[in-house]
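Participant: run_37.txt is reproduced in full below (compact mmCIF, C-alpha atoms).
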```txt
# COMPACT_ATOMS: atom_id res chain seq x y z
CA MET A 86 -81.01 -22.73 -53.06
CA LYS A 87 -79.00 -22.95 -49.90
CA ILE A 88 -78.45 -26.06 -47.78
CA PRO A 89 -81.91 -26.89 -46.52
CA ARG A 90 -81.20 -29.75 -44.18
CA MET A 91 -78.77 -32.33 -42.82
CA THR A 92 -79.04 -35.86 -44.20
CA VAL A 93 -76.21 -37.78 -42.57
CA ILE A 94 -73.83 -37.49 -39.64
CA THR A 95 -70.78 -39.70 -39.95
CA LEU A 96 -68.75 -40.67 -36.91
CA GLY A 97 -65.13 -41.62 -37.31
CA VAL A 98 -64.55 -44.89 -35.45
CA SER A 99 -61.54 -46.98 -34.52
CA ASP A 100 -63.23 -50.40 -34.78
CA LEU A 101 -66.12 -50.47 -37.24
CA ALA A 102 -67.47 -53.89 -36.20
CA ARG A 103 -67.46 -53.00 -32.51
CA THR A 104 -69.20 -49.66 -32.95
CA THR A 105 -71.66 -51.12 -35.45
CA ALA A 106 -72.59 -53.79 -32.87
CA PHE A 107 -73.00 -51.12 -30.20
CA TYR A 108 -75.41 -49.05 -32.30
CA ARG A 109 -77.26 -52.12 -33.50
CA GLU A 110 -78.04 -52.79 -29.84
CA ILE A 111 -78.87 -49.16 -28.99
CA PHE A 112 -81.15 -48.50 -31.97
CA SER A 113 -83.76 -51.19 -32.07
CA THR A 114 -86.03 -49.72 -34.69
CA ALA A 115 -83.77 -48.95 -37.63
CA PRO A 116 -82.19 -51.31 -40.10
CA VAL A 117 -78.43 -51.21 -40.23
CA THR A 118 -76.91 -51.38 -43.69
CA GLU A 119 -73.27 -52.14 -44.29
CA TYR A 120 -72.26 -50.85 -47.70
CA GLU A 121 -68.75 -50.58 -49.11
CA GLY A 122 -67.14 -50.46 -45.67
CA VAL A 123 -69.57 -47.89 -44.27
CA THR A 124 -72.28 -48.67 -41.73
CA PHE A 125 -75.48 -46.73 -42.41
CA ILE A 126 -78.14 -46.46 -39.71
CA PRO A 127 -81.16 -44.73 -41.26
CA LEU A 128 -83.00 -42.92 -38.46
CA PRO A 129 -86.07 -40.73 -38.88
CA GLY A 130 -85.02 -37.56 -40.65
CA VAL A 131 -81.28 -38.16 -40.58
CA TRP A 132 -78.90 -41.09 -40.96
CA LEU A 133 -76.11 -41.97 -38.61
CA SER A 134 -73.15 -43.48 -40.40
CA LEU A 135 -69.96 -45.07 -39.09
CA TYR A 136 -66.67 -45.07 -40.94
CA PRO A 137 -63.08 -45.72 -39.86
CA LEU A 138 -61.55 -42.45 -38.64
CA GLU A 139 -58.46 -42.61 -40.87
CA LYS A 140 -60.58 -43.24 -43.96
CA LEU A 141 -62.89 -40.38 -43.08
CA ALA A 142 -59.86 -38.11 -42.76
CA GLU A 143 -58.57 -39.35 -46.13
CA ASP A 144 -61.91 -38.71 -47.79
CA ILE A 145 -61.81 -35.07 -46.72
CA GLY A 146 -58.89 -34.78 -49.05
CA GLU A 147 -56.84 -32.13 -47.25
CA SER A 148 -54.34 -32.98 -44.57
CA VAL A 149 -56.01 -33.08 -41.16
CA LYS A 150 -54.54 -33.57 -37.71
CA LEU A 151 -56.19 -36.61 -36.13
CA PRO A 152 -57.63 -36.09 -32.67
CA ALA A 153 -55.63 -37.53 -29.77
CA PRO A 154 -57.39 -40.56 -28.25
CA GLY A 155 -59.39 -39.58 -25.19
CA THR A 156 -59.93 -36.03 -26.42
CA PHE A 157 -63.46 -34.58 -26.42
CA SER A 158 -64.60 -34.49 -30.03
CA GLY A 159 -66.35 -31.15 -29.52
CA PHE A 160 -69.91 -32.15 -30.32
CA THR A 161 -72.76 -34.12 -28.80
CA LEU A 162 -75.65 -36.09 -30.22
CA ALA A 163 -78.97 -35.95 -28.40
CA TYR A 164 -82.17 -37.85 -28.07
CA ASN A 165 -85.06 -35.87 -26.60
CA ALA A 166 -87.21 -38.20 -24.54
CA ARG A 167 -90.89 -37.92 -23.64
CA ASN A 168 -90.36 -38.22 -19.90
CA LYS A 169 -87.86 -39.04 -17.17
CA ASP A 170 -88.76 -42.73 -17.00
CA GLU A 171 -87.85 -43.14 -20.67
CA ILE A 172 -84.46 -41.59 -19.93
CA ARG A 173 -83.78 -43.97 -17.05
CA ASP A 174 -84.77 -46.94 -19.24
CA ILE A 175 -82.41 -45.81 -21.99
CA PHE A 176 -79.50 -45.44 -19.59
CA ALA A 177 -80.08 -48.94 -18.26
CA ARG A 178 -79.98 -50.29 -21.81
CA ALA A 179 -76.99 -48.16 -22.80
CA ALA A 180 -75.08 -49.54 -19.82
CA ASP A 181 -76.01 -53.07 -20.94
CA ALA A 182 -74.64 -52.28 -24.40
CA GLY A 183 -71.32 -51.28 -22.86
CA ALA A 184 -71.72 -47.50 -22.89
CA HIS A 185 -69.63 -45.46 -20.48
CA ILE A 186 -72.01 -43.44 -18.31
CA ALA A 187 -70.49 -39.97 -18.14
CA LYS A 188 -73.33 -38.32 -16.21
CA SER A 189 -76.20 -40.22 -14.68
CA PRO A 190 -79.61 -38.73 -15.50
CA GLN A 191 -80.34 -35.86 -13.15
CA ASP A 192 -82.26 -32.60 -12.84
CA THR A 193 -80.66 -29.71 -14.73
CA PHE A 194 -80.38 -26.05 -13.72
CA TRP A 195 -82.75 -25.09 -16.58
CA GLY A 196 -85.62 -27.25 -15.38
CA GLY A 197 -84.93 -30.34 -17.45
CA TYR A 198 -83.60 -33.84 -16.79
CA SER A 199 -80.53 -35.10 -18.60
CA GLY A 200 -77.59 -37.47 -18.65
CA TYR A 201 -74.69 -38.34 -20.95
CA PHE A 202 -73.09 -41.57 -22.08
CA THR A 203 -70.42 -42.30 -24.66
CA ASP A 204 -70.22 -44.78 -27.51
CA PRO A 205 -67.15 -47.03 -27.90
CA ASP A 206 -65.21 -44.20 -29.59
CA GLY A 207 -65.96 -41.65 -26.87
CA HIS A 208 -68.61 -39.71 -28.83
CA TYR A 209 -71.10 -38.28 -26.36
CA TRP A 210 -74.85 -38.85 -26.39
CA GLU A 211 -77.19 -36.79 -24.25
CA VAL A 212 -80.61 -38.21 -23.39
CA VAL A 213 -82.74 -35.34 -22.21
CA TRP A 214 -86.21 -34.20 -21.33
CA GLY A 215 -87.19 -30.54 -21.07
CA PRO A 216 -90.47 -28.78 -20.31
CA MET A 217 -90.09 -26.44 -23.31
CA PHE A 218 -89.91 -29.26 -25.84
CA ASP A 219 -92.75 -30.94 -27.64
CA PHE A 220 -93.13 -33.30 -30.60
CA SER A 221 -95.01 -33.10 -33.88
CA ALA A 222 -97.40 -35.85 -34.98
CA GLN A 223 -94.43 -37.34 -36.90
CA GLY A 224 -92.31 -37.31 -33.75
CA ASP A 225 -90.11 -34.38 -34.75
CA LEU A 226 -88.79 -32.18 -31.97
CA GLN A 227 -90.36 -28.75 -31.63
CA PHE A 228 -90.69 -25.96 -29.12
CA LYS A 229 -93.98 -25.83 -27.21
CA ALA A 230 -96.33 -23.30 -28.75
CA MET B 211 -87.83 -49.00 -25.64
CA LYS B 212 -84.40 -48.24 -26.97
CA ILE B 213 -83.23 -45.00 -28.55
CA PRO B 214 -85.27 -44.73 -31.71
CA ARG B 215 -83.77 -41.64 -33.29
CA MET B 216 -81.52 -38.61 -33.04
CA THR B 217 -83.17 -35.28 -32.31
CA VAL B 218 -80.29 -32.79 -31.99
CA ILE B 219 -76.64 -32.51 -32.86
CA THR B 220 -74.82 -29.83 -30.88
CA LEU B 221 -71.57 -28.35 -32.14
CA GLY B 222 -69.15 -26.81 -29.67
CA VAL B 223 -68.15 -23.38 -30.99
CA SER B 224 -65.60 -20.76 -30.03
CA ASP B 225 -67.65 -17.69 -31.03
CA LEU B 226 -71.39 -18.28 -30.85
CA ALA B 227 -72.40 -15.08 -32.68
CA ARG B 228 -70.00 -15.73 -35.56
CA THR B 229 -71.04 -19.33 -36.07
CA THR B 230 -74.73 -18.48 -35.67
CA ALA B 231 -74.35 -15.87 -38.42
CA PHE B 232 -72.60 -18.41 -40.64
CA TYR B 233 -75.37 -20.98 -40.32
CA ARG B 234 -78.07 -18.33 -40.66
CA GLU B 235 -76.58 -17.60 -44.09
CA ILE B 236 -76.09 -21.26 -45.05
CA PHE B 237 -79.54 -22.48 -44.04
CA SER B 238 -82.10 -20.29 -45.71
CA THR B 239 -85.17 -22.31 -44.93
CA ALA B 240 -85.08 -22.81 -41.18
CA PRO B 241 -85.75 -20.36 -38.40
CA VAL B 242 -82.90 -19.83 -35.99
CA THR B 243 -83.85 -19.61 -32.32
CA GLU B 244 -81.50 -18.27 -29.70
CA TYR B 245 -82.56 -19.58 -26.32
CA GLU B 246 -80.64 -19.33 -23.05
CA GLY B 247 -77.29 -18.97 -24.77
CA VAL B 248 -77.89 -21.82 -27.21
CA THR B 249 -78.59 -21.37 -30.92
CA PHE B 250 -81.17 -23.87 -32.20
CA ILE B 251 -81.55 -24.42 -35.94
CA PRO B 252 -84.54 -26.73 -36.45
CA LEU B 253 -83.96 -28.66 -39.68
CA PRO B 254 -86.22 -31.36 -41.10
CA GLY B 255 -85.94 -34.40 -38.85
CA VAL B 256 -83.09 -33.16 -36.65
CA TRP B 257 -81.98 -29.91 -35.09
CA LEU B 258 -78.53 -28.43 -35.32
CA SER B 259 -77.58 -26.54 -32.19
CA LEU B 260 -74.58 -24.35 -31.40
CA TYR B 261 -73.15 -23.91 -27.93
CA PRO B 262 -69.81 -22.59 -26.64
CA LEU B 263 -67.34 -25.47 -26.50
CA GLU B 264 -66.32 -24.89 -22.86
CA LYS B 265 -69.95 -24.82 -21.74
CA LEU B 266 -70.72 -27.99 -23.67
CA ALA B 267 -67.78 -29.68 -21.95
CA GLU B 268 -69.03 -28.44 -18.56
CA ASP B 269 -72.52 -29.74 -19.25
CA ILE B 270 -71.17 -33.23 -19.82
CA GLY B 271 -70.25 -33.15 -16.17
CA GLU B 272 -67.11 -35.29 -16.21
CA SER B 273 -63.69 -33.88 -16.85
CA VAL B 274 -62.94 -33.87 -20.56
CA LYS B 275 -59.80 -32.92 -22.46
CA LEU B 276 -60.65 -30.13 -24.88
CA PRO B 277 -59.58 -30.70 -28.48
CA ALA B 278 -56.52 -28.77 -29.65
CA PRO B 279 -57.49 -26.00 -32.11
CA GLY B 280 -57.00 -27.12 -35.68
CA THR B 281 -57.56 -30.78 -34.85
CA PHE B 282 -60.05 -32.81 -36.88
CA SER B 283 -63.13 -33.31 -34.71
CA GLY B 284 -63.58 -36.86 -35.99
CA PHE B 285 -67.02 -36.53 -37.57
CA THR B 286 -68.64 -35.02 -40.62
CA LEU B 287 -72.09 -33.65 -41.36
CA ALA B 288 -73.52 -34.24 -44.81
CA TYR B 289 -76.14 -32.91 -47.13
CA ASN B 290 -77.17 -35.25 -49.91
CA ALA B 291 -77.98 -33.20 -52.99
CA ARG B 292 -80.26 -34.06 -55.91
CA ASN B 293 -77.62 -33.46 -58.58
CA LYS B 294 -74.17 -32.06 -59.29
CA ASP B 295 -75.39 -28.57 -60.17
CA GLU B 296 -76.97 -28.22 -56.75
CA ILE B 297 -73.63 -29.12 -55.18
CA ARG B 298 -71.79 -26.51 -57.19
CA ASP B 299 -74.39 -23.87 -56.21
CA ILE B 300 -74.03 -24.75 -52.54
CA PHE B 301 -70.25 -24.48 -52.67
CA ALA B 302 -70.49 -21.06 -54.28
CA ARG B 303 -72.79 -19.91 -51.48
CA ALA B 304 -70.72 -21.55 -48.75
CA ALA B 305 -67.66 -19.70 -50.04
CA ASP B 306 -69.67 -16.45 -49.93
CA ALA B 307 -70.57 -17.20 -46.31
CA GLY B 308 -66.87 -17.52 -45.46
CA ALA B 309 -66.54 -21.30 -45.47
CA HIS B 310 -63.11 -22.82 -45.99
CA ILE B 311 -63.30 -25.10 -49.04
CA ALA B 312 -61.43 -28.25 -48.05
CA LYS B 313 -62.18 -30.24 -51.20
CA SER B 314 -63.80 -28.77 -54.27
CA PRO B 315 -66.69 -30.88 -55.60
CA GLN B 316 -65.35 -33.67 -57.74
CA ASP B 317 -66.09 -37.17 -58.96
CA THR B 318 -65.49 -39.86 -56.33
CA PHE B 319 -64.05 -43.37 -56.74
CA TRP B 320 -67.45 -44.88 -55.85
CA GLY B 321 -69.34 -43.16 -58.66
CA GLY B 322 -70.57 -40.13 -56.77
CA TYR B 323 -69.75 -36.43 -56.70
CA SER B 324 -68.68 -34.77 -53.48
CA GLY B 325 -66.84 -31.93 -51.80
CA TYR B 326 -66.11 -30.71 -48.26
CA PHE B 327 -66.10 -27.32 -46.60
CA THR B 328 -65.71 -26.30 -42.97
CA ASP B 329 -67.71 -24.00 -40.74
CA PRO B 330 -65.95 -21.29 -38.69
CA ASP B 331 -64.98 -23.83 -36.02
CA GLY B 332 -63.50 -26.31 -38.46
CA HIS B 333 -66.38 -28.79 -38.41
CA TYR B 334 -66.58 -30.48 -41.80
CA TRP B 335 -69.61 -30.58 -44.08
CA GLU B 336 -69.79 -32.87 -47.08
CA VAL B 337 -72.15 -32.01 -49.90
CA VAL B 338 -72.61 -35.11 -51.95
CA TRP B 339 -74.59 -36.78 -54.71
CA GLY B 340 -74.57 -40.53 -55.29
CA PRO B 341 -76.33 -42.79 -57.78
CA MET B 342 -77.47 -45.20 -55.03
CA PHE B 343 -79.34 -42.53 -53.08
CA ASP B 344 -82.93 -41.47 -53.45
CA PHE B 345 -85.43 -39.40 -51.48
CA SER B 346 -88.83 -40.09 -50.00
CA ALA B 347 -91.82 -37.86 -50.75
CA GLN B 348 -90.94 -36.02 -47.53
CA GLY B 349 -87.38 -35.48 -48.74
CA ASP B 350 -85.78 -38.03 -46.42
CA LEU B 351 -82.70 -39.83 -47.69
CA GLN B 352 -83.12 -43.45 -48.70
CA PHE B 353 -81.37 -46.11 -50.75
CA LYS B 354 -82.75 -46.68 -54.24
CA ALA B 355 -85.09 -49.65 -54.31
```
Could you spell out this file's structure in C-alpha cells?
Facilitator:
Amino acid sequence: MKIPRMTVITLGVSDLARTTAFYREIFSTAPVTEYEGVTFIPLPGVWLSLYPLEKLAEDIGESVKLPAPGTFSGFTLAYNARNKDEIRDIFARAADAGAHIAKSPQDTFWGGYSGYFTDPDGHYWEVVWGPMFDFSAQGDLQFKA
Amino acid sequence: MKIPRMTVITLGVSDLARTTAFYREIFSTAPVTEYEGVTFIPLPGVWLSLYPLEKLAEDIGESVKLPAPGTFSGFTLAYNARNKDEIRDIFARAADAGAHIAKSPQDTFWGGYSGYFTDPDGHYWEVVWGPMFDFSAQGDLQFKA
C-alpha cells in the first residue's frame, strides 16, 4: 500500500492564539479543537492544523533553516467556490477577519475568477471559481465530465 | 457563507516533471491529471496540485520574496496511518521513490509513532499513527469518541 491520501496540513504559526482566532472566524462550519498545544480544524476530507513554527521545526527532528519573515512559503491553499458572488462574499468576510488582500477577485487568463488573501502568518489562500470544475454530491471537487 | 473547507493545496516546485513523477509513485490510488501546466492529484477530500514556484508566485499577483533553497517552507503535510506497520511500509516505498528520510519512524513523546520525509522540493510529509485518532466509514480522520 502506498500513501492513499492526505489527512492533515499543518501550518507553522508565530502566534497560535491569533491564528486560531482568525481561522475560527473564517471557518464557520467546523469545530476547532485545541489539543496539547495544537489547534485542529477538522474540515471535510482533510484537517487544517496550527502549530508554533519553532515546535513544528523541532518535531521534524533534523536541523532546518527557518524561513525569513515575509518570505513566500512556497505553497497555497485553495477553496473552489460555486460562483463569483460566493468569492466576493468570502473576500468581504476575510477582510473583516483581518486578512491581507493580496489580489482582489478578478477574471483570470484561463477563464476563471480568482483572488488571494493571506492569513496572519502570510500563508496564501486562493478563492477561485473555474468553468472546468464541478462538485460531487458530497461537495468534493472534480473536473466536469 | 464563510469558507467551509479546503479543496486544493498547491505546492510550488522547481521541476514539475520530476515532482509529478515522485507523487505518481507515492500515490498509487489517484489519477494524476496534467492540465495547462499544472499537475492535479485528486485525493479523497482534497486535491494536491503541483505548479512551478515562480509561476505560483506570479499568480498571486503581488510581489513576493521567493524562499531561499533549502529553507523550511513552514508547513507539513500528513498522512495518518492505521498502524505502525503501515508507516514502515510507506517509508520503505518513499525511500524507493527517492524521498529524503528526515526522521525515521519512531515512538513520539505523546504516545504516537511518526516519521518525516521530504519530496523533491523539500516539502515535508509526516506519516503518523496516534492512539487518539480514528477514521470514519469513509476513511476521514476523526478523534476517537
Participant: Using all atoms listed in the file and a cut-off of 7 Å, which residues of chain A sit close to chain B? Please list them as a VMD selection string.
Facilitator: chain A and resid 87 to 97 111 to 114 128 to 131 138 145 to 147 149 to 152 156 to 165 175 187 to 188 201 225 to 226
Participant: Just to confirm, what's the straight-line distance from CA of Ala102 in chain A to CA of Phe125 in chain A in Å (one decimal)?
Facilitator: 12.4 Å
Participant: Take every atom of range 309-323 of chain B listed in the file, fit an axis-aligned box around them, add 3 Å per side, and give the centre and edge lengths in Å to one decimal as JSON.
Facilitator:
```
{"center_x": -66.0, "center_y": -33.1, "center_z": -52.2, "size_x": 15.1, "size_y": 29.6, "size_z": 19.5}
```
Participant: Have a look at CA of Gly321 in chain B and CA of Phe345 in chain B and let me know their distance in Å, one decimal.
Facilitator: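 Between CA of Gly321 in chain B and CA of Phe345 in chain B the gap works out to 18.0 Å.
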Participant: Report, in Å to a single decimal, how far apart CA of Trp214 in chain A and CA of Lys169 in chain A are.
Facilitator: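 Computing it gives 6.6 Å between the two atoms.
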Participant: For Phe194 in chain A, which of A:Val117, A:Leu101, A:Phe107, A:Gly215 is the closest residue, counting all atoms listed in the file?
Facilitator: A:Gly215
Participant: Between A:Pro190, A:Tyr198, A:Lys229, A:Ala184, which residue has the minimum interatomic distance to Thr104 in chain A, considering all atoms listed in the file?
Facilitator: A:Ala184
Participant: Which residue, A:Ser221, A:Thr124, A:Ser99, A:Thr203, has the smallest gap to Gly183 in chain A when you use all atoms listed in the file?
Facilitator: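 Using all atoms listed in the file, Gly183 in chain A sits closest to A:Thr203.
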Participant: Mind writing range 89-119 of chain A to a file for me, with N, CA, C and O atoms, as a short mmCIF file (atom, residue, chain, number, x, y, z; two decimals), in the first residue's frame?
Facilitator:
```cif
data_model
loop_
_atom_site.label_atom_id
_atom_site.label_comp_id
_atom_site.auth_asym_id
_atom_site.auth_seq_id
_atom_site.Cartn_x
_atom_site.Cartn_y
_atom_site.Cartn_z
N PRO A 89 -2.35 6.76 0.32
CA PRO A 89 -3.54 6.94 -0.49
C PRO A 89 -4.19 8.30 -0.36
O PRO A 89 -5.09 8.61 -1.12
N ARG A 90 -3.78 9.11 0.56
CA ARG A 90 -4.48 10.38 0.73
C ARG A 90 -3.68 11.31 1.63
O ARG A 90 -2.60 10.97 2.10
N MET A 91 -4.22 12.48 1.87
CA MET A 91 -3.64 13.45 2.78
C MET A 91 -4.67 13.63 3.88
O MET A 91 -5.87 13.79 3.60
N THR A 92 -4.27 13.61 5.13
CA THR A 92 -5.23 13.74 6.22
C THR A 92 -5.16 15.08 6.93
O THR A 92 -6.16 15.56 7.44
N VAL A 93 -3.96 15.66 6.97
CA VAL A 93 -3.78 16.90 7.72
C VAL A 93 -2.77 17.79 7.00
O VAL A 93 -1.76 17.30 6.50
N ILE A 94 -3.02 19.09 6.96
CA ILE A 94 -1.96 20.04 6.65
C ILE A 94 -1.76 20.92 7.86
O ILE A 94 -2.72 21.46 8.43
N THR A 95 -0.51 21.01 8.29
CA THR A 95 -0.17 21.79 9.48
C THR A 95 0.60 23.04 9.07
O THR A 95 1.59 22.95 8.35
N LEU A 96 0.10 24.18 9.51
CA LEU A 96 0.78 25.44 9.24
C LEU A 96 1.59 25.86 10.46
O LEU A 96 1.06 25.88 11.58
N GLY A 97 2.83 26.20 10.23
CA GLY A 97 3.64 26.77 11.30
C GLY A 97 3.24 28.22 11.52
O GLY A 97 3.14 28.98 10.56
N VAL A 98 2.97 28.58 12.78
CA VAL A 98 2.46 29.93 13.06
C VAL A 98 3.32 30.60 14.12
O VAL A 98 3.98 29.93 14.92
N SER A 99 3.28 31.92 14.14
CA SER A 99 4.09 32.65 15.12
C SER A 99 3.29 32.94 16.40
O SER A 99 3.88 33.12 17.46
N ASP A 100 1.97 33.01 16.28
CA ASP A 100 1.13 33.32 17.45
C ASP A 100 -0.11 32.43 17.36
O ASP A 100 -1.05 32.73 16.62
N LEU A 101 -0.08 31.34 18.10
CA LEU A 101 -1.12 30.31 17.94
C LEU A 101 -2.51 30.86 18.24
O LEU A 101 -3.47 30.58 17.52
N ALA A 102 -2.64 31.67 19.29
CA ALA A 102 -3.96 32.19 19.67
C ALA A 102 -4.51 33.11 18.58
O ALA A 102 -5.69 33.04 18.22
N ARG A 103 -3.64 33.95 18.03
CA ARG A 103 -4.08 34.89 17.00
C ARG A 103 -4.54 34.15 15.74
O ARG A 103 -5.61 34.43 15.17
N THR A 104 -3.75 33.18 15.30
CA THR A 104 -4.10 32.48 14.07
C THR A 104 -5.30 31.56 14.29
O THR A 104 -6.14 31.39 13.40
N THR A 105 -5.40 30.98 15.49
CA THR A 105 -6.58 30.17 15.81
C THR A 105 -7.84 31.03 15.74
O THR A 105 -8.85 30.63 15.17
N ALA A 106 -7.77 32.25 16.30
CA ALA A 106 -8.93 33.15 16.26
C ALA A 106 -9.28 33.51 14.81
O ALA A 106 -10.46 33.57 14.44
N PHE A 107 -8.27 33.75 14.01
CA PHE A 107 -8.50 34.09 12.60
C PHE A 107 -9.26 32.95 11.90
O PHE A 107 -10.28 33.18 11.24
N TYR A 108 -8.80 31.73 12.06
CA TYR A 108 -9.44 30.61 11.36
C TYR A 108 -10.80 30.27 11.97
O TYR A 108 -11.69 29.78 11.27
N ARG A 109 -10.95 30.52 13.25
CA ARG A 109 -12.26 30.31 13.87
C ARG A 109 -13.29 31.23 13.21
O ARG A 109 -14.44 30.85 13.01
N GLU A 110 -12.85 32.42 12.83
CA GLU A 110 -13.76 33.37 12.20
C GLU A 110 -13.98 33.02 10.72
O GLU A 110 -15.09 33.16 10.19
N ILE A 111 -12.94 32.55 10.06
CA ILE A 111 -13.03 32.23 8.63
C ILE A 111 -13.88 30.97 8.39
O ILE A 111 -14.69 30.91 7.47
N PHE A 112 -13.63 29.94 9.20
CA PHE A 112 -14.35 28.67 9.00
C PHE A 112 -15.50 28.60 9.98
O PHE A 112 -15.31 28.34 11.16
N SER A 113 -16.69 28.82 9.48
CA SER A 113 -17.83 28.86 10.39
C SER A 113 -18.37 27.47 10.71
O SER A 113 -19.02 27.27 11.72
N THR A 114 -18.11 26.51 9.84
CA THR A 114 -18.84 25.25 9.94
C THR A 114 -18.12 24.19 10.75
O THR A 114 -18.72 23.21 11.15
N ALA A 115 -16.82 24.34 10.98
CA ALA A 115 -16.08 23.25 11.59
C ALA A 115 -15.77 23.56 13.05
O ALA A 115 -15.49 24.69 13.39
N PRO A 116 -15.81 22.54 13.89
CA PRO A 116 -15.36 22.75 15.26
C PRO A 116 -13.85 22.94 15.27
O PRO A 116 -13.14 22.43 14.43
N VAL A 117 -13.38 23.69 16.20
CA VAL A 117 -11.95 23.90 16.39
C VAL A 117 -11.57 23.23 17.70
O VAL A 117 -12.17 23.51 18.73
N THR A 118 -10.61 22.33 17.64
CA THR A 118 -10.20 21.61 18.83
C THR A 118 -8.78 22.01 19.18
O THR A 118 -7.89 21.94 18.34
N GLU A 119 -8.57 22.42 20.41
CA GLU A 119 -7.21 22.70 20.85
C GLU A 119 -6.78 21.54 21.75
O GLU A 119 -7.45 21.20 22.70
#
```
